[in-house]
>>> print(open('coords.cif').read())   # mmCIF, N, CA, C and O atoms
data_structure
#
loop_
_atom_site.label_atom_id
_atom_site.label_comp_id
_atom_site.auth_asym_id
_atom_site.auth_seq_id
_atom_site.Cartn_x
_atom_site.Cartn_y
_atom_site.Cartn_z
N MET A 717 -80.15 167.07 45.96
CA MET A 717 -79.45 166.60 47.15
C MET A 717 -80.05 165.26 47.57
O MET A 717 -81.24 165.13 47.74
N SER A 718 -79.21 164.28 47.75
CA SER A 718 -79.69 162.93 48.07
C SER A 718 -79.85 162.69 49.56
O SER A 718 -80.69 161.91 49.96
N TYR A 719 -79.05 163.32 50.39
CA TYR A 719 -79.05 163.05 51.83
C TYR A 719 -80.39 163.39 52.47
O TYR A 719 -80.94 164.45 52.23
N ARG A 720 -80.89 162.50 53.30
CA ARG A 720 -82.13 162.72 54.06
C ARG A 720 -81.79 162.85 55.54
O ARG A 720 -81.14 161.98 56.11
N ARG A 721 -82.26 163.91 56.16
CA ARG A 721 -82.02 164.11 57.60
C ARG A 721 -82.97 163.29 58.46
O ARG A 721 -82.59 162.78 59.50
N GLU A 722 -84.20 163.19 58.03
CA GLU A 722 -85.25 162.57 58.83
C GLU A 722 -85.51 161.13 58.40
O GLU A 722 -85.36 160.78 57.22
N TYR A 723 -85.90 160.31 59.35
CA TYR A 723 -86.30 158.95 59.04
C TYR A 723 -87.66 158.97 58.35
O TYR A 723 -88.50 159.83 58.62
N ALA A 724 -87.89 158.01 57.48
CA ALA A 724 -89.17 157.88 56.80
C ALA A 724 -90.27 157.63 57.83
O ALA A 724 -90.04 157.00 58.86
N LEU A 725 -91.46 158.13 57.55
CA LEU A 725 -92.58 157.96 58.48
C LEU A 725 -93.01 156.50 58.58
O LEU A 725 -93.48 156.06 59.60
N GLY A 726 -92.84 155.77 57.53
CA GLY A 726 -93.14 154.34 57.52
C GLY A 726 -92.08 153.64 56.70
O GLY A 726 -91.29 154.28 56.03
N GLU A 727 -92.06 152.32 56.80
CA GLU A 727 -91.07 151.60 56.00
C GLU A 727 -91.75 150.97 54.80
O GLU A 727 -92.88 150.50 54.90
N PRO A 728 -91.07 150.99 53.66
CA PRO A 728 -91.65 150.33 52.50
C PRO A 728 -91.65 148.82 52.68
O PRO A 728 -90.88 148.29 53.48
N GLU A 729 -92.49 148.14 51.96
CA GLU A 729 -92.50 146.68 51.99
C GLU A 729 -91.33 146.18 51.15
O GLU A 729 -90.90 146.82 50.20
N ARG A 730 -90.83 145.01 51.52
CA ARG A 730 -89.66 144.44 50.83
C ARG A 730 -89.90 144.29 49.34
O ARG A 730 -89.01 144.56 48.52
N VAL A 731 -91.10 143.89 48.95
CA VAL A 731 -91.40 143.71 47.52
C VAL A 731 -91.22 145.03 46.78
O VAL A 731 -90.76 145.05 45.63
N ASN A 732 -91.55 146.15 47.41
CA ASN A 732 -91.37 147.46 46.78
C ASN A 732 -89.90 147.85 46.73
O ASN A 732 -89.44 148.43 45.74
N VAL A 733 -89.15 147.54 47.79
CA VAL A 733 -87.71 147.84 47.81
C VAL A 733 -87.01 147.05 46.71
O VAL A 733 -86.15 147.58 46.00
N ASP A 734 -87.38 145.80 46.55
CA ASP A 734 -86.79 144.96 45.51
C ASP A 734 -87.06 145.50 44.11
O ASP A 734 -86.35 145.16 43.16
N ALA A 735 -88.07 146.35 43.97
CA ALA A 735 -88.43 146.92 42.67
C ALA A 735 -87.89 148.34 42.48
O ALA A 735 -88.15 148.94 41.44
N PHE A 736 -87.15 148.89 43.47
CA PHE A 736 -86.60 150.24 43.32
C PHE A 736 -85.71 150.29 42.09
O PHE A 736 -84.80 149.48 41.94
N PRO A 737 -85.93 151.27 41.21
CA PRO A 737 -85.05 151.42 40.05
C PRO A 737 -83.79 152.21 40.44
O PRO A 737 -83.80 152.99 41.40
N GLY A 738 -82.72 151.99 39.73
CA GLY A 738 -81.51 152.77 39.95
C GLY A 738 -80.80 152.38 41.23
O GLY A 738 -80.92 151.26 41.72
N THR A 739 -80.08 153.36 41.78
CA THR A 739 -79.23 153.12 42.95
C THR A 739 -79.89 153.70 44.19
O THR A 739 -80.29 154.86 44.21
N THR A 740 -80.00 152.89 45.23
CA THR A 740 -80.59 153.30 46.49
C THR A 740 -79.66 152.92 47.63
O THR A 740 -79.12 151.81 47.66
N LEU A 741 -79.48 153.84 48.56
CA LEU A 741 -78.74 153.55 49.79
C LEU A 741 -79.75 153.51 50.92
O LEU A 741 -80.35 154.52 51.27
N LEU A 742 -79.99 152.31 51.45
CA LEU A 742 -80.86 152.14 52.61
C LEU A 742 -80.02 152.36 53.86
O LEU A 742 -78.96 151.75 54.00
N GLU A 743 -80.48 153.23 54.73
CA GLU A 743 -79.81 153.45 56.02
C GLU A 743 -80.76 152.97 57.10
O GLU A 743 -81.82 153.55 57.32
N PHE A 744 -80.38 151.89 57.79
CA PHE A 744 -81.18 151.38 58.89
C PHE A 744 -80.60 151.89 60.19
O PHE A 744 -79.39 151.79 60.42
N GLY A 745 -81.45 152.42 61.05
CA GLY A 745 -80.99 152.94 62.34
C GLY A 745 -82.15 153.42 63.17
O GLY A 745 -83.31 153.03 62.95
N ALA A 746 -81.84 154.28 64.13
CA ALA A 746 -82.86 154.86 65.01
C ALA A 746 -82.42 156.28 65.38
O ALA A 746 -81.23 156.54 65.52
N PRO A 747 -83.38 157.18 65.55
CA PRO A 747 -83.04 158.57 65.82
C PRO A 747 -82.35 158.80 67.16
O PRO A 747 -81.68 159.81 67.35
N TRP A 748 -82.46 157.87 68.08
CA TRP A 748 -81.85 158.01 69.40
C TRP A 748 -80.52 157.25 69.51
O TRP A 748 -79.84 157.31 70.53
N CYS A 749 -80.12 156.54 68.47
CA CYS A 749 -78.91 155.71 68.48
C CYS A 749 -77.65 156.57 68.35
O CYS A 749 -77.51 157.32 67.39
N GLY A 750 -76.76 156.45 69.31
CA GLY A 750 -75.53 157.23 69.29
C GLY A 750 -74.66 156.96 68.08
O GLY A 750 -74.07 157.87 67.50
N HIS A 751 -74.56 155.69 67.67
CA HIS A 751 -73.77 155.34 66.49
C HIS A 751 -74.38 155.95 65.23
O HIS A 751 -73.66 156.40 64.34
N CYS A 752 -75.71 155.96 65.17
CA CYS A 752 -76.41 156.54 64.02
C CYS A 752 -76.18 158.05 63.96
O CYS A 752 -75.90 158.60 62.88
N LEU A 753 -76.29 158.70 65.10
CA LEU A 753 -76.05 160.15 65.15
C LEU A 753 -74.62 160.48 64.76
O LEU A 753 -74.37 161.45 64.04
N ALA A 754 -73.67 159.68 65.21
CA ALA A 754 -72.26 159.92 64.90
C ALA A 754 -71.96 159.76 63.41
O ALA A 754 -71.04 160.40 62.89
N ALA A 755 -72.72 158.93 62.71
CA ALA A 755 -72.49 158.70 61.28
C ALA A 755 -73.07 159.79 60.39
O ALA A 755 -72.70 159.88 59.22
N GLN A 756 -73.95 160.62 60.93
CA GLN A 756 -74.66 161.58 60.08
C GLN A 756 -73.76 162.59 59.37
O GLN A 756 -73.96 162.87 58.18
N PRO A 757 -72.75 163.18 60.03
CA PRO A 757 -71.89 164.12 59.29
C PRO A 757 -71.20 163.48 58.09
O PRO A 757 -71.12 164.09 57.01
N ALA A 758 -70.72 162.26 58.23
CA ALA A 758 -70.05 161.57 57.11
C ALA A 758 -71.05 161.27 56.00
O ALA A 758 -70.76 161.46 54.82
N LEU A 759 -72.24 160.81 56.37
CA LEU A 759 -73.27 160.54 55.36
C LEU A 759 -73.64 161.81 54.61
O LEU A 759 -73.74 161.81 53.38
N HIS A 760 -73.81 162.89 55.33
CA HIS A 760 -74.16 164.15 54.69
C HIS A 760 -73.06 164.59 53.73
O HIS A 760 -73.33 164.98 52.59
N GLU A 761 -71.82 164.51 54.17
CA GLU A 761 -70.70 164.95 53.33
C GLU A 761 -70.63 164.14 52.03
O GLU A 761 -70.42 164.70 50.95
N VAL A 762 -70.80 162.83 52.13
CA VAL A 762 -70.68 161.98 50.95
C VAL A 762 -71.90 162.11 50.03
O VAL A 762 -71.76 162.13 48.81
N LEU A 763 -73.09 162.20 50.61
CA LEU A 763 -74.31 162.14 49.81
C LEU A 763 -74.84 163.48 49.33
O LEU A 763 -75.67 163.50 48.42
N HIS A 764 -74.39 164.60 49.89
CA HIS A 764 -75.06 165.86 49.58
C HIS A 764 -75.01 166.23 48.10
O HIS A 764 -75.91 166.90 47.61
N ASP A 765 -74.02 165.77 47.35
CA ASP A 765 -73.94 166.05 45.92
C ASP A 765 -74.22 164.83 45.05
O ASP A 765 -74.03 164.87 43.85
N ARG A 766 -74.66 163.74 45.65
CA ARG A 766 -74.88 162.50 44.90
C ARG A 766 -76.34 162.36 44.52
O ARG A 766 -77.09 161.59 45.11
N ASN A 767 -76.75 163.09 43.50
CA ASN A 767 -78.13 163.00 43.02
C ASN A 767 -78.41 161.68 42.32
O ASN A 767 -79.56 161.37 42.01
N ASP A 768 -77.36 160.89 42.06
CA ASP A 768 -77.53 159.60 41.41
C ASP A 768 -77.87 158.49 42.39
O ASP A 768 -78.13 157.36 41.99
N VAL A 769 -77.85 158.80 43.69
CA VAL A 769 -78.12 157.81 44.73
C VAL A 769 -79.32 158.27 45.55
O VAL A 769 -79.30 159.35 46.13
N HIS A 770 -80.36 157.45 45.57
CA HIS A 770 -81.53 157.74 46.41
C HIS A 770 -81.23 157.25 47.82
O HIS A 770 -80.93 156.08 48.02
N HIS A 771 -81.29 158.15 48.81
CA HIS A 771 -81.02 157.82 50.21
C HIS A 771 -82.36 157.56 50.90
O HIS A 771 -83.22 158.44 50.96
N CYS A 772 -82.54 156.38 51.41
CA CYS A 772 -83.78 156.00 52.10
C CYS A 772 -83.43 155.67 53.55
O CYS A 772 -82.77 154.67 53.82
N LYS A 773 -83.82 156.54 54.46
CA LYS A 773 -83.47 156.42 55.87
C LYS A 773 -84.63 155.74 56.60
O LYS A 773 -85.72 156.29 56.69
N ILE A 774 -84.37 154.53 57.13
CA ILE A 774 -85.44 153.71 57.69
C ILE A 774 -85.19 153.45 59.16
O ILE A 774 -84.14 152.92 59.55
N GLU A 775 -86.17 153.83 59.98
CA GLU A 775 -86.08 153.55 61.41
C GLU A 775 -86.30 152.06 61.62
O GLU A 775 -87.29 151.49 61.17
N ASP A 776 -85.36 151.43 62.31
CA ASP A 776 -85.40 150.00 62.51
C ASP A 776 -85.66 149.69 63.98
O ASP A 776 -85.54 150.56 64.83
N GLY A 777 -86.01 148.47 64.27
CA GLY A 777 -86.25 148.04 65.64
C GLY A 777 -86.84 146.65 65.66
O GLY A 777 -87.11 146.06 64.60
N PRO A 778 -87.04 146.11 66.85
CA PRO A 778 -87.60 144.76 66.97
C PRO A 778 -88.94 144.65 66.23
O PRO A 778 -89.78 145.54 66.33
N GLY A 779 -89.08 143.59 65.49
CA GLY A 779 -90.34 143.35 64.80
C GLY A 779 -90.54 144.14 63.53
O GLY A 779 -91.59 144.04 62.90
N ARG A 780 -89.56 144.94 63.13
CA ARG A 780 -89.69 145.68 61.88
C ARG A 780 -89.31 144.76 60.73
O ARG A 780 -88.16 144.32 60.63
N PRO A 781 -90.25 144.46 59.85
CA PRO A 781 -90.01 143.43 58.84
C PRO A 781 -88.92 143.76 57.82
O PRO A 781 -88.19 142.87 57.39
N LEU A 782 -88.78 145.02 57.43
CA LEU A 782 -87.78 145.33 56.40
C LEU A 782 -86.37 145.09 56.92
O LEU A 782 -85.55 144.46 56.26
N GLY A 783 -86.10 145.56 58.12
CA GLY A 783 -84.79 145.33 58.73
C GLY A 783 -84.49 143.85 58.91
O GLY A 783 -83.37 143.38 58.68
N ARG A 784 -85.50 143.08 59.31
CA ARG A 784 -85.29 141.66 59.49
C ARG A 784 -85.02 140.98 58.15
O ARG A 784 -84.22 140.06 58.07
N SER A 785 -85.68 141.45 57.10
CA SER A 785 -85.49 140.82 55.78
C SER A 785 -84.07 141.05 55.26
O SER A 785 -83.57 140.25 54.47
N PHE A 786 -83.42 142.14 55.72
CA PHE A 786 -82.03 142.40 55.34
C PHE A 786 -81.04 141.92 56.41
O PHE A 786 -79.86 142.17 56.31
N ARG A 787 -81.56 141.24 57.43
CA ARG A 787 -80.74 140.69 58.52
C ARG A 787 -79.90 141.76 59.20
O ARG A 787 -78.71 141.57 59.49
N ILE A 788 -80.54 142.89 59.49
CA ILE A 788 -79.87 143.98 60.18
C ILE A 788 -79.70 143.61 61.64
O ILE A 788 -80.65 143.23 62.31
N LYS A 789 -78.48 143.74 62.14
CA LYS A 789 -78.17 143.41 63.54
C LYS A 789 -77.66 144.63 64.31
O LYS A 789 -77.90 144.74 65.50
N LEU A 790 -76.90 145.49 63.64
CA LEU A 790 -76.32 146.67 64.29
C LEU A 790 -76.70 147.92 63.51
O LEU A 790 -76.90 147.88 62.30
N TRP A 791 -76.76 149.03 64.22
CA TRP A 791 -77.09 150.32 63.59
C TRP A 791 -75.90 151.25 63.66
O TRP A 791 -75.13 151.18 64.61
N PRO A 792 -75.78 152.13 62.71
CA PRO A 792 -76.47 152.09 61.43
C PRO A 792 -75.85 151.04 60.52
O PRO A 792 -74.67 150.74 60.60
N THR A 793 -76.70 150.48 59.69
CA THR A 793 -76.23 149.62 58.61
C THR A 793 -76.68 150.26 57.31
O THR A 793 -77.85 150.61 57.16
N LEU A 794 -75.73 150.44 56.40
CA LEU A 794 -76.00 150.99 55.08
C LEU A 794 -76.01 149.85 54.08
O LEU A 794 -75.05 149.09 54.00
N VAL A 795 -77.10 149.73 53.35
CA VAL A 795 -77.24 148.69 52.33
C VAL A 795 -77.38 149.38 50.98
O VAL A 795 -78.31 150.16 50.78
N LEU A 796 -76.45 149.10 50.08
CA LEU A 796 -76.47 149.70 48.75
C LEU A 796 -77.16 148.75 47.79
O LEU A 796 -76.80 147.57 47.67
N LEU A 797 -78.18 149.28 47.11
CA LEU A 797 -78.96 148.50 46.14
C LEU A 797 -78.78 149.08 44.75
O LEU A 797 -78.70 150.29 44.58
N GLU A 798 -78.74 148.20 43.77
CA GLU A 798 -78.77 148.59 42.36
C GLU A 798 -79.95 147.85 41.75
O GLU A 798 -79.95 146.61 41.72
N ASN A 799 -80.96 148.61 41.33
CA ASN A 799 -82.20 148.03 40.80
C ASN A 799 -82.78 146.97 41.73
O ASN A 799 -83.19 145.90 41.31
N GLY A 800 -82.78 147.28 43.03
CA GLY A 800 -83.39 146.43 44.04
C GLY A 800 -82.55 145.28 44.54
O GLY A 800 -82.96 144.55 45.43
N LYS A 801 -81.35 145.11 44.00
CA LYS A 801 -80.46 144.02 44.41
C LYS A 801 -79.32 144.57 45.25
O LYS A 801 -78.69 145.57 44.87
N GLU A 802 -79.03 143.91 46.37
CA GLU A 802 -77.93 144.36 47.22
C GLU A 802 -76.59 144.16 46.52
O GLU A 802 -76.29 143.06 46.05
N ILE A 803 -75.78 145.23 46.49
CA ILE A 803 -74.45 145.14 45.89
C ILE A 803 -73.35 145.46 46.90
O ILE A 803 -72.17 145.36 46.59
N GLY A 804 -73.75 145.85 48.12
CA GLY A 804 -72.76 146.11 49.16
C GLY A 804 -73.41 146.63 50.42
O GLY A 804 -74.57 147.03 50.42
N ARG A 805 -72.63 146.60 51.50
CA ARG A 805 -73.13 147.15 52.77
C ARG A 805 -71.96 147.54 53.65
O ARG A 805 -70.86 147.02 53.52
N VAL A 806 -72.24 148.46 54.56
CA VAL A 806 -71.29 148.89 55.58
C VAL A 806 -72.06 148.94 56.89
O VAL A 806 -73.16 149.49 56.96
N VAL A 807 -71.46 148.36 57.93
CA VAL A 807 -72.06 148.38 59.26
C VAL A 807 -71.28 149.36 60.13
O VAL A 807 -70.05 149.29 60.18
N ARG A 808 -72.00 150.25 60.76
CA ARG A 808 -71.43 151.27 61.64
C ARG A 808 -70.25 152.02 61.02
O ARG A 808 -69.13 151.99 61.53
N PRO A 809 -70.52 152.72 59.91
CA PRO A 809 -69.43 153.48 59.29
C PRO A 809 -68.91 154.55 60.24
O PRO A 809 -69.69 155.20 60.93
N ARG A 810 -67.61 154.70 60.28
CA ARG A 810 -66.99 155.68 61.17
C ARG A 810 -66.36 156.84 60.41
O ARG A 810 -65.88 157.78 61.02
N SER A 811 -66.32 156.74 59.08
CA SER A 811 -65.65 157.78 58.31
C SER A 811 -66.30 157.94 56.94
O SER A 811 -67.00 157.04 56.47
N THR A 812 -66.00 159.07 56.31
CA THR A 812 -66.48 159.28 54.94
C THR A 812 -65.84 158.25 54.01
O THR A 812 -66.46 157.82 53.05
N GLN A 813 -64.60 157.84 54.31
CA GLN A 813 -63.90 156.89 53.45
C GLN A 813 -64.66 155.58 53.32
O GLN A 813 -64.78 155.03 52.23
N GLU A 814 -65.20 155.06 54.41
CA GLU A 814 -65.96 153.81 54.35
C GLU A 814 -67.19 153.94 53.46
O GLU A 814 -67.52 153.03 52.70
N ILE A 815 -67.86 155.08 53.53
CA ILE A 815 -69.05 155.31 52.72
C ILE A 815 -68.65 155.52 51.26
O ILE A 815 -69.28 154.98 50.35
N ARG A 816 -67.59 156.28 51.04
CA ARG A 816 -67.10 156.49 49.66
C ARG A 816 -66.69 155.16 49.02
O ARG A 816 -66.94 154.93 47.84
N GLU A 817 -66.05 154.29 49.79
CA GLU A 817 -65.65 152.97 49.26
C GLU A 817 -66.87 152.14 48.87
O GLU A 817 -66.84 151.42 47.88
N LEU A 818 -67.94 152.24 49.66
CA LEU A 818 -69.16 151.53 49.32
C LEU A 818 -69.72 152.00 47.99
O LEU A 818 -70.18 151.20 47.18
N LEU A 819 -69.64 153.31 47.75
CA LEU A 819 -70.19 153.90 46.52
C LEU A 819 -69.18 153.92 45.38
O LEU A 819 -69.53 154.31 44.26
N ALA A 820 -67.96 153.49 45.61
CA ALA A 820 -66.87 153.64 44.64
C ALA A 820 -67.14 152.96 43.30
O ALA A 820 -66.71 153.44 42.26
N GLY A 821 -67.85 151.88 43.30
CA GLY A 821 -68.11 151.16 42.05
C GLY A 821 -69.16 151.81 41.17
O GLY A 821 -69.34 151.42 40.03
N LEU A 822 -69.84 152.81 41.69
CA LEU A 822 -70.89 153.46 40.92
C LEU A 822 -70.30 154.53 40.01
O LEU A 822 -69.38 155.24 40.39
N GLU A 823 -70.86 154.66 38.84
CA GLU A 823 -70.46 155.76 37.96
C GLU A 823 -71.12 157.02 38.46
O GLU A 823 -72.32 157.03 38.72
N GLN A 824 -70.32 158.07 38.61
CA GLN A 824 -70.87 159.35 39.04
C GLN A 824 -71.28 160.13 37.80
O GLN A 824 -70.60 160.08 36.77
N PRO A 825 -72.39 160.87 37.90
CA PRO A 825 -72.81 161.68 36.75
C PRO A 825 -71.74 162.70 36.43
O PRO A 825 -71.13 163.28 37.32
N GLY A 826 -71.47 162.88 35.17
CA GLY A 826 -70.39 163.77 34.72
C GLY A 826 -70.77 165.16 34.75
O GLY A 826 -70.19 166.12 34.82
#
>>> encode(input="coords.cif", output="structure tokens")
Amino acid sequence: MSYRREYALGEPERVNVDAFPGTTLLEFGAPWCGHCLAAQPALHEVLHDRNDVHHCKIEDGPGRPLGRSFRIKLWPTLVLLENGKEIGRVVRPRSTQEIRELLAGLEQPG
């Protein structure tokens, strides 16, 4: 199961994120953010069977270097990486369709 309920205890450094192998979905947000909470059911539905996508849930805020390096302005922002390179993003997803469209270009394991 790829979906993560809890935010990471710390954020990885950008140099490490850039070196992530495979497909990673970075979710920037905050546990108290209403928009972030509203997006969780859709994220869970789309990601619960996607073992090919590593879900990295990162608490963002003022002065957090990883969020600033990705120019995050609104929460939640989903950034899709392939081998550490950004290949797409969605800001404040409101439906499973928006998240599925972000992941649509990826080959799903057969």
>>> closest_atom_pairs(input="coords.cif", of="segment 755-824 of chain A", to="segment 736-744 of chain A", cutoff="7 Å", atoms="only C-alpha atoms", output="tab-separated table")
residue	atom	partner	partner_atom	distance
A:Asp768	CA	A:Thr739	CA	6.9
A:Val769	CA	A:Thr739	CA	5.1
A:His770	CA	A:Thr740	CA	4.5
A:His771	CA	A:Leu741	CA	4.9
A:Cys772	CA	A:Leu742	CA	4.9
A:Lys773	CA	A:Glu743	CA	4.7
A:Ile774	CA	A:Phe744	CA	5.0
A:Glu775	CA	A:Phe744	CA	5.9
A:Asp776	CA	A:Phe744	CA	5.7
A:Trp791	CA	A:Phe744	CA	6.3
A:Pro792	CA	A:Phe744	CA	5.4
A:Thr793	CA	A:Phe744	CA	5.3
A:Leu794	CA	A:Glu743	CA	4.6
A:Val795	CA	A:Leu742	CA	5.0
A:Leu796	CA	A:Leu741	CA	4.6
A:Leu797	CA	A:Thr740	CA	5.1
A:Glu798	CA	A:Thr739	CA	4.6
A:Asn799	CA	A:Pro737	CA	4.5
A:Gly800	CA	A:Phe736	CA	5.0
>>> closest_residue(input="coords.cif", among="A:Arg784, A:Arg720, A:Leu818, A:Leu725", to="Gly804 of chain A", atoms="all atoms listed in the file")
A:Leu818
>>> atom_distance(input="coords.cif", atom1="atom C of Arg721 of chain A", atom2="atom CA of Lys801 of chain A")
24.0 Å
>>> select_by_dssp(input="coords.cif", residues="chain A", states="strand (DSSP E)", output="short mmCIF file (atom, residue, chain, number, x, y, z; two decimals) with N, CA, C and O atoms, in the coordinates of the input")
data_model
loop_
_atom_site.label_atom_id
_atom_site.label_comp_id
_atom_site.auth_asym_id
_atom_site.auth_seq_id
_atom_site.Cartn_x
_atom_site.Cartn_y
_atom_site.Cartn_z
N THR A 739 -80.08 153.36 41.78
CA THR A 739 -79.23 153.12 42.95
C THR A 739 -79.89 153.70 44.19
O THR A 739 -80.29 154.86 44.21
N THR A 740 -80.00 152.89 45.23
CA THR A 740 -80.59 153.30 46.49
C THR A 740 -79.66 152.92 47.63
O THR A 740 -79.12 151.81 47.66
N LEU A 741 -79.48 153.84 48.56
CA LEU A 741 -78.74 153.55 49.79
C LEU A 741 -79.75 153.51 50.92
O LEU A 741 -80.35 154.52 51.27
N LEU A 742 -79.99 152.31 51.45
CA LEU A 742 -80.86 152.14 52.61
C LEU A 742 -80.02 152.36 53.86
O LEU A 742 -78.96 151.75 54.00
N GLU A 743 -80.48 153.23 54.73
CA GLU A 743 -79.81 153.45 56.02
C GLU A 743 -80.76 152.97 57.10
O GLU A 743 -81.82 153.55 57.32
N PHE A 744 -80.38 151.89 57.79
CA PHE A 744 -81.18 151.38 58.89
C PHE A 744 -80.60 151.89 60.19
O PHE A 744 -79.39 151.79 60.42
N GLY A 745 -81.45 152.42 61.05
CA GLY A 745 -80.99 152.94 62.34
C GLY A 745 -82.15 153.42 63.17
O GLY A 745 -83.31 153.03 62.95
N VAL A 769 -77.85 158.80 43.69
CA VAL A 769 -78.12 157.81 44.73
C VAL A 769 -79.32 158.27 45.55
O VAL A 769 -79.30 159.35 46.13
N HIS A 770 -80.36 157.45 45.57
CA HIS A 770 -81.53 157.74 46.41
C HIS A 770 -81.23 157.25 47.82
O HIS A 770 -80.93 156.08 48.02
N HIS A 771 -81.29 158.15 48.81
CA HIS A 771 -81.02 157.82 50.21
C HIS A 771 -82.36 157.56 50.90
O HIS A 771 -83.22 158.44 50.96
N CYS A 772 -82.54 156.38 51.41
CA CYS A 772 -83.78 156.00 52.10
C CYS A 772 -83.43 155.67 53.55
O CYS A 772 -82.77 154.67 53.82
N LYS A 773 -83.82 156.54 54.46
CA LYS A 773 -83.47 156.42 55.87
C LYS A 773 -84.63 155.74 56.60
O LYS A 773 -85.72 156.29 56.69
N ILE A 774 -84.37 154.53 57.13
CA ILE A 774 -85.44 153.71 57.69
C ILE A 774 -85.19 153.45 59.16
O ILE A 774 -84.14 152.92 59.55
N GLU A 775 -86.17 153.83 59.98
CA GLU A 775 -86.08 153.55 61.41
C GLU A 775 -86.30 152.06 61.62
O GLU A 775 -87.29 151.49 61.17
N THR A 793 -76.70 150.48 59.69
CA THR A 793 -76.23 149.62 58.61
C THR A 793 -76.68 150.26 57.31
O THR A 793 -77.85 150.61 57.16
N LEU A 794 -75.73 150.44 56.40
CA LEU A 794 -76.00 150.99 55.08
C LEU A 794 -76.01 149.85 54.08
O LEU A 794 -75.05 149.09 54.00
N VAL A 795 -77.10 149.73 53.35
CA VAL A 795 -77.24 148.69 52.33
C VAL A 795 -77.38 149.38 50.98
O VAL A 795 -78.31 150.16 50.78
N LEU A 796 -76.45 149.10 50.08
CA LEU A 796 -76.47 149.70 48.75
C LEU A 796 -77.16 148.75 47.79
O LEU A 796 -76.80 147.57 47.67
N LEU A 797 -78.18 149.28 47.11
CA LEU A 797 -78.96 148.50 46.14
C LEU A 797 -78.78 149.08 44.75
O LEU A 797 -78.70 150.29 44.58
N GLU A 798 -78.74 148.20 43.77
CA GLU A 798 -78.77 148.59 42.36
C GLU A 798 -79.95 147.85 41.75
O GLU A 798 -79.95 146.61 41.72
N LYS A 801 -81.35 145.11 44.00
CA LYS A 801 -80.46 144.02 44.41
C LYS A 801 -79.32 144.57 45.25
O LYS A 801 -78.69 145.57 44.87
N GLU A 802 -79.03 143.91 46.37
CA GLU A 802 -77.93 144.36 47.22
C GLU A 802 -76.59 144.16 46.52
O GLU A 802 -76.29 143.06 46.05
N ILE A 803 -75.78 145.23 46.49
CA ILE A 803 -74.45 145.14 45.89
C ILE A 803 -73.35 145.46 46.90
O ILE A 803 -72.17 145.36 46.59
N GLY A 804 -73.75 145.85 48.12
CA GLY A 804 -72.76 146.11 49.16
C GLY A 804 -73.41 146.63 50.42
O GLY A 804 -74.57 147.03 50.42
N ARG A 805 -72.63 146.60 51.50
CA ARG A 805 -73.13 147.15 52.77
C ARG A 805 -71.96 147.54 53.65
O ARG A 805 -70.86 147.02 53.52
N VAL A 806 -72.24 148.46 54.56
CA VAL A 806 -71.29 148.89 55.58
C VAL A 806 -72.06 148.94 56.89
O VAL A 806 -73.16 149.49 56.96
N VAL A 807 -71.46 148.36 57.93
CA VAL A 807 -72.06 148.38 59.26
C VAL A 807 -71.28 149.36 60.13
O VAL A 807 -70.05 149.29 60.18
#
>>> atom_distance(input="coords.cif", atom1="atom C of Leu822 of chain A", atom2="atom C of Leu782 of chain A")
25.2 Å
>>> select_by_dssp(input="coords.cif", residues="chain A", states="helix (DSSP H, G or I)", output="PyMOL selection string")
chain A and resi 730-733+750-763+781-785+812-819
>>> closest_atom_pairs(input="coords.cif", of="segment 752-781 of chain A", to="segment 810-813 of chain A", cutoff="9 Å", atoms="only C-alpha atoms", output="CSV")
residue,atom,partner,partner_atom,distance
A:Ala754,CA,A:Arg810,CA,7.7
A:Ala755,CA,A:Arg810,CA,6.3
A:Pro757,CA,A:Thr812,CA,8.5
A:Ala758,CA,A:Thr812,CA,4.8
A:Leu759,CA,A:Thr812,CA,6.9
A:Glu761,CA,A:Thr812,CA,7.2
A:Val762,CA,A:Thr812,CA,6.4
>>> atom_distance(input="coords.cif", atom1="atom CA of Ala820 of chain A", atom2="atom O of Leu753 of chain A")
22.2 Å
>>> closest_residue(input="coords.cif", among="A:Arg805, A:His751, A:Arg766, A:His760", to="Phe786 of chain A", atoms="only C-alpha atoms")
A:Arg805
>>> closest_residue(input="coords.cif", among="A:Glu729, A:Ser718, A:Ala724, A:Asn767", to="Pro781 of chain A", atoms="only N, CA, C and O atoms")
A:Glu729
